[in-house]
file start_26.txt (compact mmCIF, C-alpha atoms)
# COMPACT_ATOMS: atom_id res chain seq x y z
CA MET L 1 -52.45 123.67 -30.77
CA LEU L 2 -55.87 125.12 -31.34
CA ARG L 3 -58.69 123.13 -32.84
CA PRO L 4 -61.27 125.02 -34.87
CA ARG L 5 -64.72 124.46 -33.43
CA GLY L 6 -66.25 121.37 -35.04
CA LEU L 7 -63.51 121.05 -37.67
CA PRO L 8 -60.56 118.68 -37.94
CA GLU L 9 -57.11 119.81 -36.80
CA ALA L 10 -55.95 119.77 -40.43
CA VAL L 11 -57.85 123.04 -41.03
CA LEU L 12 -55.12 124.82 -39.04
CA ALA L 13 -52.25 122.34 -39.34
CA VAL L 14 -52.06 122.17 -43.15
CA PRO L 15 -51.91 125.96 -43.69
CA ALA L 16 -49.37 126.22 -40.84
CA ALA L 17 -47.22 123.57 -42.52
CA CYS L 18 -47.46 125.46 -45.81
CA VAL L 19 -46.35 128.67 -44.08
CA ALA L 20 -43.39 126.82 -42.51
CA LEU L 21 -42.39 125.52 -45.95
CA LEU L 22 -42.88 128.85 -47.75
CA ALA L 23 -41.01 130.77 -45.05
CA GLY L 24 -38.09 128.38 -45.35
CA TRP L 25 -38.29 127.24 -41.73
CA VAL L 26 -38.47 123.65 -42.97
CA PRO L 27 -36.61 122.70 -46.15
CA PRO L 28 -38.86 120.94 -48.70
CA ALA L 29 -36.44 117.98 -48.87
CA ALA L 30 -36.69 117.48 -45.09
CA ALA L 31 -40.50 117.66 -45.22
CA ALA L 32 -40.58 115.13 -48.08
CA HIS L 33 -38.24 112.83 -46.16
CA GLN L 34 -40.51 112.94 -43.09
CA ILE L 35 -43.56 112.17 -45.23
CA VAL L 36 -41.79 109.17 -46.77
CA THR L 37 -40.55 108.03 -43.35
CA ILE L 38 -43.85 108.25 -41.48
CA GLY L 39 -46.16 107.42 -44.41
CA PRO L 40 -46.18 103.64 -43.96
CA THR L 41 -46.76 104.01 -40.22
CA LEU L 42 -49.74 106.30 -40.72
CA GLY L 43 -51.05 104.07 -43.49
CA PHE L 44 -50.90 101.03 -41.23
CA LEU L 45 -52.58 102.92 -38.38
CA SER L 46 -55.35 104.00 -40.75
CA ALA L 47 -55.81 100.41 -41.89
CA ILE L 48 -56.08 99.08 -38.33
CA LEU L 49 -58.65 101.77 -37.48
CA LEU L 50 -60.62 100.74 -40.57
CA VAL L 51 -60.52 97.10 -39.44
CA ALA L 52 -61.84 98.14 -36.01
CA TYR L 53 -64.60 100.20 -37.63
CA LEU L 54 -65.60 97.31 -39.90
CA ALA L 55 -65.59 94.95 -36.91
CA ASP L 56 -67.99 97.31 -35.17
CA LEU L 57 -70.25 97.47 -38.24
CA ASP L 58 -70.25 93.68 -38.33
CA GLY L 59 -71.45 93.58 -34.71
CA VAL L 60 -68.27 92.27 -33.08
CA PHE L 61 -68.49 94.71 -30.16
CA ALA L 62 -72.22 94.13 -29.62
CA TRP L 63 -71.47 90.39 -29.62
CA LEU L 64 -68.73 90.97 -27.03
CA GLY L 65 -71.16 92.93 -24.84
CA ALA L 66 -73.71 90.12 -24.96
CA HIS L 67 -71.06 87.55 -24.05
CA LEU L 68 -69.72 89.74 -21.23
CA ALA L 69 -73.24 90.04 -19.82
CA ALA L 70 -73.83 86.30 -19.98
CA ALA L 71 -70.40 85.33 -18.64
CA CYS L 72 -70.43 87.64 -15.63
CA ARG L 73 -73.75 86.24 -14.35
CA GLY L 74 -74.65 89.61 -12.83
CA ARG L 75 -71.50 89.80 -10.70
CA PRO L 76 -69.76 93.17 -10.92
CA ARG L 77 -66.29 91.85 -9.95
CA ARG L 78 -66.46 89.18 -12.61
CA LEU L 79 -67.60 91.74 -15.18
CA LEU L 80 -64.63 93.93 -14.25
CA VAL L 81 -62.16 91.06 -14.70
CA LEU L 82 -63.77 90.17 -18.04
CA THR L 83 -63.74 93.83 -19.08
CA PHE L 84 -60.03 93.95 -18.28
CA ALA L 85 -59.43 90.92 -20.49
CA VAL L 86 -61.51 92.20 -23.41
CA ALA L 87 -60.23 95.78 -23.18
CA SER L 88 -56.62 94.59 -22.97
CA GLY L 89 -57.05 92.38 -26.02
CA THR L 90 -58.94 95.01 -28.00
CA THR L 91 -56.36 97.65 -27.20
CA ALA L 92 -53.41 95.42 -28.06
CA VAL L 93 -54.83 94.10 -31.33
CA LEU L 94 -57.05 96.89 -32.66
CA SER L 95 -55.47 99.95 -30.95
CA LEU L 96 -56.36 102.18 -28.08
CA ASP L 97 -58.83 104.10 -30.27
CA ALA L 98 -60.96 100.99 -30.75
CA THR L 99 -61.17 100.50 -27.00
CA VAL L 100 -62.18 104.09 -26.31
CA VAL L 101 -64.54 104.66 -29.21
CA LEU L 102 -66.04 101.21 -29.82
CA LEU L 103 -65.68 99.05 -26.70
CA THR L 104 -66.40 101.61 -23.96
CA PRO L 105 -70.00 102.34 -25.11
CA VAL L 106 -70.66 98.58 -25.27
CA VAL L 107 -69.36 98.10 -21.72
CA LEU L 108 -71.47 101.03 -20.52
CA ALA L 109 -74.59 99.58 -22.17
CA THR L 110 -73.80 96.16 -20.66
CA THR L 111 -73.56 97.56 -17.12
CA ARG L 112 -76.80 99.45 -17.57
CA ARG L 113 -78.59 96.38 -18.94
CA LEU L 114 -77.36 94.36 -15.95
CA GLU L 115 -78.14 97.24 -13.55
CA LEU L 116 -74.55 97.25 -12.26
CA PRO L 117 -72.48 100.31 -11.35
CA PRO L 118 -70.90 101.47 -14.62
CA ARG L 119 -68.03 103.52 -13.18
CA PRO L 120 -65.44 100.77 -12.50
CA HIS L 121 -66.02 99.12 -15.87
CA VAL L 122 -66.02 102.29 -17.97
CA TYR L 123 -62.95 103.60 -16.12
CA ALA L 124 -61.27 100.27 -16.83
CA CYS L 125 -61.75 100.78 -20.57
CA ALA L 126 -60.34 104.31 -20.37
CA HIS L 127 -57.32 103.24 -18.34
CA LEU L 128 -56.61 100.12 -20.40
CA ALA L 129 -56.74 102.11 -23.61
CA ASN L 130 -53.46 103.53 -22.34
CA SER L 131 -51.82 100.87 -20.19
CA ALA L 132 -52.71 97.91 -22.44
CA SER L 133 -51.45 99.66 -25.56
CA THR L 134 -47.82 98.68 -25.04
CA LEU L 135 -47.81 95.07 -26.24
CA LEU L 136 -47.84 95.20 -30.03
CA PRO L 137 -46.40 97.72 -32.47
CA VAL L 138 -49.96 98.26 -33.78
CA SER L 139 -51.48 99.08 -30.40
CA ASN L 140 -50.78 102.80 -30.64
CA LEU L 141 -48.99 105.33 -32.82
CA THR L 142 -46.13 105.74 -30.34
CA ASN L 143 -45.42 102.01 -30.53
CA LEU L 144 -45.38 102.17 -34.33
CA LEU L 145 -42.86 104.99 -34.24
CA ALA L 146 -40.73 103.24 -31.59
CA PHE L 147 -40.97 99.94 -33.48
CA SER L 148 -39.66 101.48 -36.69
CA ALA L 149 -36.79 103.13 -34.78
CA THR L 150 -35.69 100.02 -32.86
CA GLY L 151 -35.06 97.68 -35.74
CA LEU L 152 -36.75 94.86 -33.82
CA SER L 153 -38.99 92.39 -35.61
CA PHE L 154 -42.72 92.39 -34.83
CA THR L 155 -42.31 89.34 -32.60
CA GLY L 156 -39.13 90.76 -31.07
CA PHE L 157 -40.92 93.96 -30.08
CA THR L 158 -43.84 91.95 -28.69
CA ALA L 159 -41.49 89.69 -26.71
CA VAL L 160 -39.75 92.69 -25.14
CA MET L 161 -43.08 94.28 -24.20
CA ALA L 162 -45.00 91.16 -23.02
CA LEU L 163 -43.87 91.12 -19.39
CA PRO L 164 -44.29 94.88 -18.81
CA TRP L 165 -47.73 94.64 -20.46
CA LEU L 166 -48.84 91.80 -18.18
CA VAL L 167 -47.44 93.48 -15.06
CA ALA L 168 -49.15 96.80 -15.86
CA ILE L 169 -52.51 95.12 -16.46
CA GLY L 170 -52.21 92.95 -13.35
CA LEU L 171 -51.29 95.86 -11.10
CA GLU L 172 -54.04 98.00 -12.54
CA LEU L 173 -56.60 95.23 -11.99
CA ALA L 174 -55.48 94.88 -8.35
CA VAL L 175 -55.83 98.64 -7.84
CA PHE L 176 -59.28 98.68 -9.45
CA LEU L 177 -60.51 95.76 -7.35
CA ARG L 178 -59.39 97.53 -4.20
CA PHE L 179 -60.40 101.09 -5.12
CA PHE L 180 -63.84 100.13 -6.44
CA GLY L 181 -64.42 97.40 -3.83
CA ALA L 182 -67.71 98.82 -2.57
CA GLU L 183 -69.12 99.23 -6.07
CA LEU L 184 -68.02 95.73 -7.01
CA ALA L 185 -69.76 94.03 -4.10
CA PRO L 186 -72.37 91.48 -5.25
CA PRO L 187 -75.80 93.05 -5.60
CA ALA L 188 -78.14 92.47 -2.68
CA THR L 189 -80.78 89.83 -3.42
call {"tool": "encode", "arguments": {"input": "start_26.txt", "output": "structure tokens"}}
result
Amino acid sequence: MLRPRGLPEAVLAVPAACVALLAGWVPPAAAAHQIVTIGPTLGFLSAILLVAYLADLDGVFAWLGAHLAAACRGRPRRLLVLTFAVASGTTAVLSLDATVVLLTPVVLATTRRLELPPRPHVYACAHLANSASTLLPVSNLTNLLAFSATGLSFTGFTAVMALPWLVAIGLELAVFLRFFGAELAPPAT
């Protein structure tokens, strides 16, 4: 798929969809059925992104950054563990987009303010936006689609995904602590 420079994907996607309908490649009834089927999912995803945006406007992520800075006491390993916790929670509850777009810049600013190496902490946000997005149906669009197809309840889906979610985050933290060991050493005093 091509993206027009500086424009949303819809600039190409909507006319292409119209061509597919007009050419008869997709029957109008099938297109309408898909819109009805996926509409609530996209509506919910839009709502959760709006909640994340409003949380950012209200200073929630700046508040998190200040608390991360205070809680880590200048120790890079501790900041990484705290970043893992916050990024995992943000991703699970507010979606992977909130972690990438809203939390990552806060974590970067926090590392700079503390004069700590930013790489392990920023990479953690990027990785956890994916690996920590498996817990709840609202964590990413794929989960929403899978959730609607499984017939599980919200809590049923979460129960099925809880152990894999914890294992993935734990393994990833262990890998990060080992891989970034030199950068996570306490700063020389």
call {"tool": "residues_near_point", "arguments": {"input": "start_26.txt", "point": "(-73.0, 93.3, -26.3)", "cutoff": "10 Å", "atoms": "only C-alpha atoms", "output": "number ranges by chain"}}
result
L: 59-70, 103, 105-110, 113
call {"tool": "atom_distance", "arguments": {"input": "start_26.txt", "atom1": "CA of Thr155 (chain L)", "atom2": "CA of Val138 (chain L)"}}
result
11.8 Å
call {"tool": "closest_residue", "arguments": {"input": "start_26.txt", "among": "L:Leu7, L:Val101, L:Leu96, L:Leu135", "to": "Ala168 (chain L)", "atoms": "all atoms listed in the file"}}
result
L:Leu135
call {"tool": "closest_atom_pairs", "arguments": {"input": "start_26.txt", "of": "region 54-96 of chain L", "to": "region 42-46 of chain L", "cutoff": "12 Å", "atoms": "only C-alpha atoms", "output": "Markdown table"}}
result
| residue | atom | partner | partner_atom | distance |
| --- | --- | --- | --- | --- |
| L:Val93 | CA | L:Leu45 | CA | 11.5 |
| L:Leu94 | CA | L:Leu45 | CA | 9.4 |
| L:Ser95 | CA | L:Leu45 | CA | 8.5 |
| L:Leu96 | CA | L:Leu45 | CA | 11.0 |
call {"tool": "atom_distance", "arguments": {"input": "start_26.txt", "atom1": "CA of Gly181 (chain L)", "atom2": "CA of Thr111 (chain L)"}}
result
16.1 Å
call {"tool": "residues_around", "arguments": {"input": "start_26.txt", "residues": "Val100 (chain L)", "least_positions_apart": "4", "cutoff": "10 Å", "atoms": "all atoms listed in the file", "output": "number ranges by chain"}}
result
L: 87, 90-91, 95-96, 104-105, 122, 125-130
call {"tool": "atom_distance", "arguments": {"input": "start_26.txt", "atom1": "CA of Arg75 (chain L)", "atom2": "CA of Leu184 (chain L)"}}
result
7.8 Å
